[in-house]
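**Student:** coords_14.cif (mmCIF, C-alpha atoms) pasted underneath:
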data_protein
#
loop_
_atom_site.label_atom_id
_atom_site.label_comp_id
_atom_site.auth_asym_id
_atom_site.auth_seq_id
_atom_site.Cartn_x
_atom_site.Cartn_y
_atom_site.Cartn_z
CA MET J 1 5.41 52.72 -53.68
CA THR J 2 3.04 54.31 -51.17
CA ILE J 3 1.05 57.43 -51.96
CA THR J 4 -0.82 59.28 -49.25
CA ALA J 5 -2.76 62.51 -49.52
CA ASP J 6 -3.34 63.52 -45.91
CA HIS J 7 -0.75 66.27 -45.66
CA GLY J 8 -1.69 69.83 -44.77
CA TYR J 9 -0.08 73.16 -45.57
CA ASP J 10 2.02 73.04 -42.41
CA ASP J 11 3.73 69.89 -43.68
CA LEU J 12 4.97 71.51 -46.89
CA PRO J 13 8.25 72.85 -45.41
CA ARG J 14 9.13 69.32 -44.28
CA LEU J 15 8.33 67.91 -47.70
CA MET J 16 10.45 70.57 -49.37
CA SER J 17 13.33 69.91 -46.98
CA LEU J 18 13.53 66.35 -48.30
CA MET J 19 14.72 67.69 -51.66
CA THR J 20 18.44 68.45 -51.58
CA GLY J 21 21.22 68.79 -54.13
CA ASP J 22 22.45 71.48 -56.49
CA GLU J 23 20.43 73.84 -58.67
CA LYS J 24 17.47 73.97 -56.32
CA HIS J 25 16.51 77.56 -57.22
CA ASP J 26 15.15 77.83 -53.71
CA PHE J 27 13.51 81.23 -54.00
CA ALA J 28 11.95 80.45 -57.36
CA ALA J 29 10.31 77.53 -55.58
CA THR J 30 9.28 79.13 -52.31
CA SER J 31 7.85 82.19 -54.07
CA THR J 32 5.16 79.95 -55.60
CA LEU J 33 4.34 77.83 -52.56
CA ASP J 34 1.21 79.60 -51.31
CA VAL J 35 -0.26 80.06 -54.78
CA LEU J 36 0.22 76.38 -55.54
CA TRP J 37 -1.28 75.27 -52.26
CA VAL J 38 -4.43 77.37 -52.57
CA LEU J 39 -4.94 76.23 -56.14
CA TYR J 40 -4.56 72.52 -55.41
CA ASP J 41 -6.28 72.62 -52.02
CA GLN J 42 -9.28 74.81 -52.83
CA VAL J 43 -9.65 75.65 -56.52
CA LEU J 44 -8.52 73.08 -59.08
CA ASP J 45 -10.93 70.34 -60.04
CA VAL J 46 -8.29 67.64 -60.43
CA THR J 47 -7.23 64.73 -58.23
CA PRO J 48 -4.80 61.85 -58.66
CA GLU J 49 -7.75 59.64 -59.55
CA ARG J 50 -8.94 62.10 -62.21
CA ALA J 51 -5.54 63.17 -63.54
CA GLU J 52 -6.43 61.89 -67.02
CA ALA J 53 -10.15 62.72 -67.00
CA THR J 54 -11.32 64.69 -70.02
CA ASP J 55 -13.25 67.16 -67.85
CA ARG J 56 -10.42 67.83 -65.37
CA ASP J 57 -9.04 71.30 -64.81
CA ARG J 58 -5.60 71.80 -66.36
CA PHE J 59 -2.73 73.36 -64.40
CA LEU J 60 0.41 74.32 -66.32
CA LEU J 61 3.54 75.29 -64.40
CA SER J 62 5.41 77.63 -66.71
CA LYS J 63 7.78 78.77 -63.94
CA GLY J 64 9.33 75.32 -64.02
CA HIS J 65 12.94 76.11 -63.14
CA GLY J 66 12.18 76.00 -59.40
CA PRO J 67 9.83 73.03 -59.06
CA MET J 68 10.39 72.03 -55.43
CA ALA J 69 7.20 73.65 -54.16
CA TYR J 70 5.27 72.07 -57.02
CA TYR J 71 6.63 68.62 -56.20
CA ALA J 72 5.89 69.13 -52.50
CA VAL J 73 2.27 70.07 -53.24
CA LEU J 74 1.88 67.15 -55.65
CA ALA J 75 3.19 64.84 -52.92
CA ALA J 76 0.92 66.40 -50.31
CA LYS J 77 -2.09 65.84 -52.57
CA GLY J 78 -1.19 62.27 -53.48
CA PHE J 79 -0.06 62.69 -57.09
CA VAL J 80 3.48 61.47 -56.37
CA PRO J 81 4.86 59.40 -53.48
CA GLU J 82 6.76 61.16 -50.73
CA GLU J 83 9.65 58.73 -51.10
CA TRP J 84 10.43 60.24 -54.50
CA LEU J 85 11.32 63.60 -52.96
CA PRO J 86 14.81 62.81 -51.56
CA GLY J 87 15.91 61.78 -55.06
CA PHE J 88 15.05 65.19 -56.53
CA GLY J 89 17.33 66.03 -59.43
CA ALA J 90 19.16 62.70 -59.41
CA TYR J 91 19.94 60.94 -62.69
CA ASP J 92 17.36 58.21 -62.16
CA SER J 93 14.69 60.33 -60.46
CA PRO J 94 11.42 61.24 -62.21
CA LEU J 95 11.59 64.58 -60.35
CA GLY J 96 13.98 66.57 -62.47
CA HIS J 97 15.16 70.15 -62.13
CA HIS J 98 12.41 70.95 -64.65
CA PRO J 99 9.15 68.94 -64.48
CA ASP J 100 8.62 66.37 -67.21
CA ARG J 101 4.98 65.59 -68.03
CA VAL J 102 5.95 62.09 -69.12
CA LEU J 103 7.54 61.29 -65.76
CA VAL J 104 5.58 63.34 -63.18
CA PRO J 105 1.98 62.27 -62.53
CA GLY J 106 -0.31 65.27 -62.77
CA ALA J 107 2.10 67.46 -64.74
CA GLU J 108 0.46 68.79 -67.89
CA ILE J 109 3.58 70.10 -69.65
CA GLY J 110 7.34 69.83 -69.58
CA SER J 111 8.39 73.29 -68.42
CA GLY J 112 11.23 75.55 -67.45
CA SER J 113 11.93 77.38 -70.71
CA LEU J 114 10.61 80.84 -69.89
CA GLY J 115 7.81 82.20 -72.02
CA HIS J 116 6.30 78.90 -73.15
CA GLY J 117 3.65 78.19 -70.54
CA LEU J 118 1.15 80.94 -71.30
CA PRO J 119 1.07 80.27 -75.06
CA LEU J 120 0.59 76.57 -74.29
CA ALA J 121 -2.25 77.45 -71.92
CA VAL J 122 -3.90 79.52 -74.65
CA GLY J 123 -3.67 76.52 -76.95
CA SER J 124 -5.12 74.26 -74.27
CA ALA J 125 -8.07 76.59 -73.74
CA LEU J 126 -8.66 76.80 -77.48
CA GLY J 127 -8.49 73.02 -77.80
CA LEU J 128 -11.05 72.50 -75.06
CA ARG J 129 -13.35 75.10 -76.65
CA ALA J 130 -13.04 73.38 -80.04
CA GLN J 131 -14.14 70.11 -78.43
CA GLY J 132 -17.14 71.75 -76.80
CA LEU J 133 -15.68 71.20 -73.31
CA THR J 134 -16.81 74.33 -71.47
CA ASP J 135 -16.40 73.16 -67.86
CA PRO J 136 -12.63 72.54 -67.50
CA ALA J 137 -10.61 75.56 -66.46
CA VAL J 138 -7.05 76.11 -67.64
CA TRP J 139 -4.62 77.61 -65.15
CA VAL J 140 -1.02 78.63 -65.79
CA LEU J 141 1.53 79.93 -63.29
CA ILE J 142 4.20 82.25 -64.66
CA GLY J 143 6.88 84.41 -63.09
CA ASP J 144 7.03 88.17 -63.57
CA ALA J 145 10.35 87.82 -65.39
CA GLU J 146 8.63 85.70 -68.04
CA LEU J 147 6.86 88.86 -69.16
CA ASP J 148 10.21 89.91 -70.63
CA GLU J 149 9.47 87.31 -73.32
CA GLY J 150 7.54 88.52 -76.36
CA SER J 151 5.72 85.21 -76.78
CA ASN J 152 3.74 85.96 -73.64
CA HIS J 153 2.51 89.29 -74.95
CA GLU J 154 1.29 87.68 -78.14
CA ALA J 155 -0.57 85.12 -76.00
CA ILE J 156 -2.05 87.83 -73.77
CA ALA J 157 -3.29 89.81 -76.76
CA TYR J 158 -4.81 86.79 -78.48
CA ALA J 159 -6.52 85.36 -75.38
CA GLY J 160 -8.21 88.67 -74.59
CA ALA J 161 -9.42 89.17 -78.15
CA ALA J 162 -10.70 85.58 -78.31
CA GLY J 163 -12.55 85.89 -74.99
CA LEU J 164 -10.99 82.76 -73.51
CA ASP J 165 -12.88 82.95 -70.24
CA ARG J 166 -11.78 79.48 -69.09
CA LEU J 167 -8.15 80.66 -69.10
CA HIS J 168 -6.54 81.86 -65.87
CA THR J 169 -2.99 83.16 -65.41
CA VAL J 170 -1.27 83.59 -62.07
CA VAL J 171 1.78 85.85 -62.20
CA VAL J 172 4.03 85.38 -59.17
CA ASP J 173 5.68 88.79 -58.88
CA ASN J 174 8.99 88.78 -57.01
CA ALA J 175 10.28 91.90 -58.79
CA SER J 176 12.75 89.96 -60.91
CA ALA J 177 11.73 91.21 -64.36
CA SER J 178 14.36 93.15 -66.30
CA HIS J 179 11.91 95.30 -68.26
CA ALA J 180 8.95 96.21 -66.09
CA LEU J 181 7.42 99.17 -64.34
CA PRO J 182 6.62 98.44 -60.67
CA GLY J 183 2.92 97.71 -60.36
CA GLY J 184 2.41 97.61 -64.10
CA ILE J 185 1.74 93.90 -64.62
CA ALA J 186 -2.04 94.01 -64.24
CA ALA J 187 -2.27 96.96 -66.63
CA ARG J 188 -0.70 94.88 -69.42
CA PHE J 189 -3.45 92.30 -69.09
CA GLU J 190 -6.24 94.85 -68.65
CA ALA J 191 -5.24 96.58 -71.89
CA ALA J 192 -5.82 93.28 -73.69
CA ASN J 193 -9.35 92.71 -72.28
CA TRP J 194 -8.42 90.53 -69.31
CA SER J 195 -10.05 90.61 -65.89
CA THR J 196 -7.37 91.17 -63.24
CA ALA J 197 -6.69 91.14 -59.51
CA THR J 198 -3.50 91.99 -57.61
CA VAL J 199 -3.06 90.44 -54.16
CA ASP J 200 -0.57 89.45 -51.48
CA GLY J 201 0.86 86.16 -52.70
CA ARG J 202 1.15 84.84 -49.14
CA ASP J 203 -2.45 85.58 -48.09
CA HIS J 204 -4.48 82.43 -48.68
CA ALA J 205 -7.87 84.08 -48.23
CA ALA J 206 -6.97 86.88 -50.65
CA LEU J 207 -5.62 84.40 -53.17
CA TYR J 208 -8.77 82.29 -53.01
CA GLU J 209 -11.02 85.32 -53.48
CA ALA J 210 -8.96 86.48 -56.47
CA PHE J 211 -8.88 83.01 -58.01
CA THR J 212 -12.65 82.60 -57.78
CA THR J 213 -13.71 86.08 -58.94
CA PRO J 214 -16.24 85.79 -61.80
CA HIS J 215 -14.98 87.07 -65.16
CA PRO J 216 -17.58 86.27 -67.83
CA GLY J 217 -16.37 86.60 -71.39
CA ARG J 218 -12.77 87.43 -70.45
CA PRO J 219 -9.67 85.52 -69.36
CA HIS J 220 -8.52 86.26 -65.81
CA ALA J 221 -5.08 87.20 -64.47
CA VAL J 222 -4.07 87.25 -60.81
CA VAL J 223 -0.85 89.03 -59.87
CA ALA J 224 0.46 87.48 -56.64
CA ARG J 225 3.07 89.73 -55.07
CA VAL J 226 5.74 88.13 -52.88
CA GLU J 227 9.04 89.23 -51.39
CA PRO J 228 11.49 90.71 -53.94
CA LYS J 229 14.04 88.19 -55.11
CA ASN J 230 16.96 90.54 -54.46
CA ALA J 231 15.83 91.09 -50.85
CA ARG J 232 16.91 87.59 -49.83
#
Since I need it in another form, could you write the structure as structure tokens?

**Tutor:**
Amino acid sequence: MTITADHGYDDLPRLMSLMTGDEKHDFAATSTLDVLWVLYDQVLDVTPERAEATDRDRFLLSKGHGPMAYYAVLAAKGFVPEEWLPGFGAYDSPLGHHPDRVLVPGAEIGSGSLGHGLPLAVGSALGLRAQGLTDPAVWVLIGDAELDEGSNHEAIAYAGAAGLDRLHTVVVDNASASHALPGGIAARFEAANWSTATVDGRDHAALYEAFTTPHPGRPHAVVARVEPKNAR
């Protein structure tokens, strides 16, 4: 097994093309690609060598039903070997249709059941605070449709009231929610004492600026708008 970490952003389409088979949820994957790349390339303090370090940043992929972009970025950054990618979704592959934290190096949670990731991220941030670990950041990526789930609104309300300022949520908005007002995502977080930013989810510079905006005393939410799902 050979793991290399010298891939750049331009190599991600090739890495994703290695993953074939049924149930790829292509758009669910590609909608997250730029967010994932900017996080792993410029923001997250985690590497394959430090994947188990106590003071690492935690990244939780809640939008786990389209994990191809996630696997491609993990391969590009050296967490998993490139030769695993062609086996995506196969019976004996560690790269399942939903990521499994036991099988995928670097994965913090098993995900894919909508509405679970943000509550788990709140718990992670609380756990780190209880241990006195104030440096690690907790990041969670959710889809806009996950905001149809009530568990997320409970998590949003609690995190804001608790001032979990090491918690960061990225909402990839491809206009697929069943119960949402256009442009209303950030307002939900702001009403619960979150810092927010809404940006073009394909603009790397804008994503980086939004991800690194200071937000003392409050959790932070970034709404990353991408092409509407029904436009493809």

**Student:** For Leu147 in chain J, list every protein, DNA or RNA residue within 8 Å, evaluated using only C-alpha atoms, and leave out those in the same chain fewer than 5 positions away; present the list as JSON, numbers by chain.

**Tutor:** {"J": [115, 152, 153, 177]}

**Student:** Once the PyMOL selection byres ((chain J and resi 133) around 12) is applied to the coordinates I shared, what remains selected? I want it as JSON, numbers by chain.

**Tutor:** {"J": [53, 54, 55, 56, 57, 124, 125, 126, 127, 128, 129, 130, 131, 132, 134, 135, 136, 137, 138, 166]}

**Student:** So that I can check the surroundings of Leu74 in chain J, please list as a VMD selection string every protein, DNA and RNA residue that reaches within 10 Å of it, counting all atoms listed in the file and ignoring chain neighbours fewer than 2 positions away.

**Tutor:** chain J and resid 5 36 to 37 40 47 to 48 68 to 72 76 to 82 104 to 107

**Student:** Would you output that residue set with C-alpha atoms, as a compact mmCIF listing (two decimals), in the coordinates of the input?

**Tutor:**
# COMPACT_ATOMS: atom_id res chain seq x y z
CA ALA J 5 -2.76 62.51 -49.52
CA LEU J 36 0.22 76.38 -55.54
CA TRP J 37 -1.28 75.27 -52.26
CA TYR J 40 -4.56 72.52 -55.41
CA THR J 47 -7.23 64.73 -58.23
CA PRO J 48 -4.80 61.85 -58.66
CA MET J 68 10.39 72.03 -55.43
CA ALA J 69 7.20 73.65 -54.16
CA TYR J 70 5.27 72.07 -57.02
CA TYR J 71 6.63 68.62 -56.20
CA ALA J 72 5.89 69.13 -52.50
CA ALA J 76 0.92 66.40 -50.31
CA LYS J 77 -2.09 65.84 -52.57
CA GLY J 78 -1.19 62.27 -53.48
CA PHE J 79 -0.06 62.69 -57.09
CA VAL J 80 3.48 61.47 -56.37
CA PRO J 81 4.86 59.40 -53.48
CA GLU J 82 6.76 61.16 -50.73
CA VAL J 104 5.58 63.34 -63.18
CA PRO J 105 1.98 62.27 -62.53
CA GLY J 106 -0.31 65.27 -62.77
CA ALA J 107 2.10 67.46 -64.74

**Student:** Name the closest residue to Leu118 in chain J among the candidates J:Pro219, J:Gly163, J:Pro86, J:Gly201; distances are taken between atoms, counting only C-alpha atoms.

**Tutor:**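 Among the listed residues, the smallest separation from Leu118 in chain J belongs to J:Pro219.
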
**Student:** In Å, rounded to a single decimal, give me how far CA of Ile185 in chain J is from CA of Gly123 in chain J.

**Tutor:**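 Between these atoms lies a distance of 22.0 Å.
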
**Student:** Quick one: everything within 8 Å of Asp100 in chain J, counting all atoms listed in the file, minus sequence neighbours fewer than 3 positions away in the same chain. Send it as a ChimeraX atom specification.

**Tutor:** /J:94-96,103-104,107,109-111

**Student:** With the input short on atoms, add all heavy atoms back to range 41-52 of chain J and write it as a compact mmCIF listing (two decimals), keeping the file's coordinate frame.

**Tutor:**
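Result file out.txt:
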# COMPACT_ATOMS: atom_id res chain seq x y z
N ASP J 41 -5.48 72.96 -53.20
CA ASP J 41 -6.28 72.62 -52.02
C ASP J 41 -7.73 73.11 -52.13
O ASP J 41 -8.63 72.48 -51.59
CB ASP J 41 -5.64 73.23 -50.77
CG ASP J 41 -6.27 72.71 -49.49
OD1 ASP J 41 -6.31 71.48 -49.30
OD2 ASP J 41 -6.71 73.54 -48.66
N GLN J 42 -7.95 74.21 -52.87
CA GLN J 42 -9.28 74.81 -52.83
C GLN J 42 -9.90 75.12 -54.20
O GLN J 42 -11.10 75.38 -54.26
CB GLN J 42 -9.22 76.14 -52.05
CG GLN J 42 -8.74 76.01 -50.62
CD GLN J 42 -8.76 77.34 -49.90
OE1 GLN J 42 -9.78 78.03 -49.82
NE2 GLN J 42 -7.61 77.75 -49.38
N VAL J 43 -9.12 75.11 -55.26
CA VAL J 43 -9.65 75.65 -56.52
C VAL J 43 -9.69 74.62 -57.64
O VAL J 43 -10.73 74.44 -58.27
CB VAL J 43 -8.80 76.88 -56.96
CG1 VAL J 43 -9.30 77.41 -58.30
CG2 VAL J 43 -8.86 77.97 -55.90
N LEU J 44 -8.60 73.96 -57.91
CA LEU J 44 -8.52 73.08 -59.08
C LEU J 44 -9.41 71.85 -58.94
O LEU J 44 -9.41 71.19 -57.90
CB LEU J 44 -7.08 72.63 -59.30
CG LEU J 44 -6.07 73.69 -59.69
CD1 LEU J 44 -4.66 73.09 -59.71
CD2 LEU J 44 -6.40 74.28 -61.05
N ASP J 45 -10.12 71.56 -59.99
CA ASP J 45 -10.93 70.34 -60.04
C ASP J 45 -10.10 69.25 -60.71
O ASP J 45 -10.29 68.91 -61.87
CB ASP J 45 -12.22 70.59 -60.82
CG ASP J 45 -13.12 69.35 -60.85
OD1 ASP J 45 -12.86 68.40 -60.09
OD2 ASP J 45 -14.08 69.35 -61.66
N VAL J 46 -9.12 68.73 -59.96
CA VAL J 46 -8.29 67.64 -60.43
C VAL J 46 -7.75 66.90 -59.21
O VAL J 46 -7.41 67.51 -58.20
CB VAL J 46 -7.13 68.16 -61.32
CG1 VAL J 46 -6.18 69.06 -60.55
CG2 VAL J 46 -6.37 67.00 -61.95
N THR J 47 -7.74 65.60 -59.28
CA THR J 47 -7.23 64.73 -58.23
C THR J 47 -6.36 63.67 -58.86
O THR J 47 -6.39 63.48 -60.09
CB THR J 47 -8.38 64.05 -57.45
OG1 THR J 47 -9.09 63.19 -58.38
CG2 THR J 47 -9.34 65.08 -56.85
N PRO J 48 -5.58 62.94 -58.07
CA PRO J 48 -4.80 61.85 -58.66
C PRO J 48 -5.66 60.84 -59.41
O PRO J 48 -5.25 60.33 -60.45
CB PRO J 48 -4.13 61.21 -57.43
CG PRO J 48 -4.04 62.31 -56.43
CD PRO J 48 -5.28 63.13 -56.63
N GLU J 49 -6.85 60.59 -58.90
CA GLU J 49 -7.75 59.64 -59.55
C GLU J 49 -8.30 60.16 -60.87
O GLU J 49 -8.69 59.39 -61.75
CB GLU J 49 -8.90 59.27 -58.61
CG GLU J 49 -8.49 58.57 -57.33
CD GLU J 49 -7.86 59.49 -56.31
OE1 GLU J 49 -8.13 60.73 -56.37
OE2 GLU J 49 -7.07 59.00 -55.47
N ARG J 50 -8.36 61.49 -61.02
CA ARG J 50 -8.94 62.10 -62.21
C ARG J 50 -7.89 62.83 -63.04
O ARG J 50 -8.21 63.71 -63.84
CB ARG J 50 -10.04 63.09 -61.82
CG ARG J 50 -11.21 62.46 -61.05
CD ARG J 50 -12.34 63.46 -60.84
NE ARG J 50 -12.92 63.87 -62.11
CZ ARG J 50 -12.75 65.08 -62.67
NH1 ARG J 50 -12.02 66.00 -62.07
NH2 ARG J 50 -13.33 65.37 -63.82
N ALA J 51 -6.63 62.45 -62.87
CA ALA J 51 -5.54 63.17 -63.54
C ALA J 51 -5.60 63.05 -65.05
O ALA J 51 -4.98 63.86 -65.75
CB ALA J 51 -4.20 62.69 -63.02
N GLU J 52 -6.31 62.06 -65.57
CA GLU J 52 -6.43 61.89 -67.02
C GLU J 52 -7.86 62.11 -67.49
O GLU J 52 -8.16 61.91 -68.68
CB GLU J 52 -5.98 60.48 -67.42
CG GLU J 52 -4.54 60.15 -67.05
CD GLU J 52 -3.55 61.03 -67.78
OE1 GLU J 52 -3.85 61.45 -68.93
OE2 GLU J 52 -2.47 61.31 -67.23
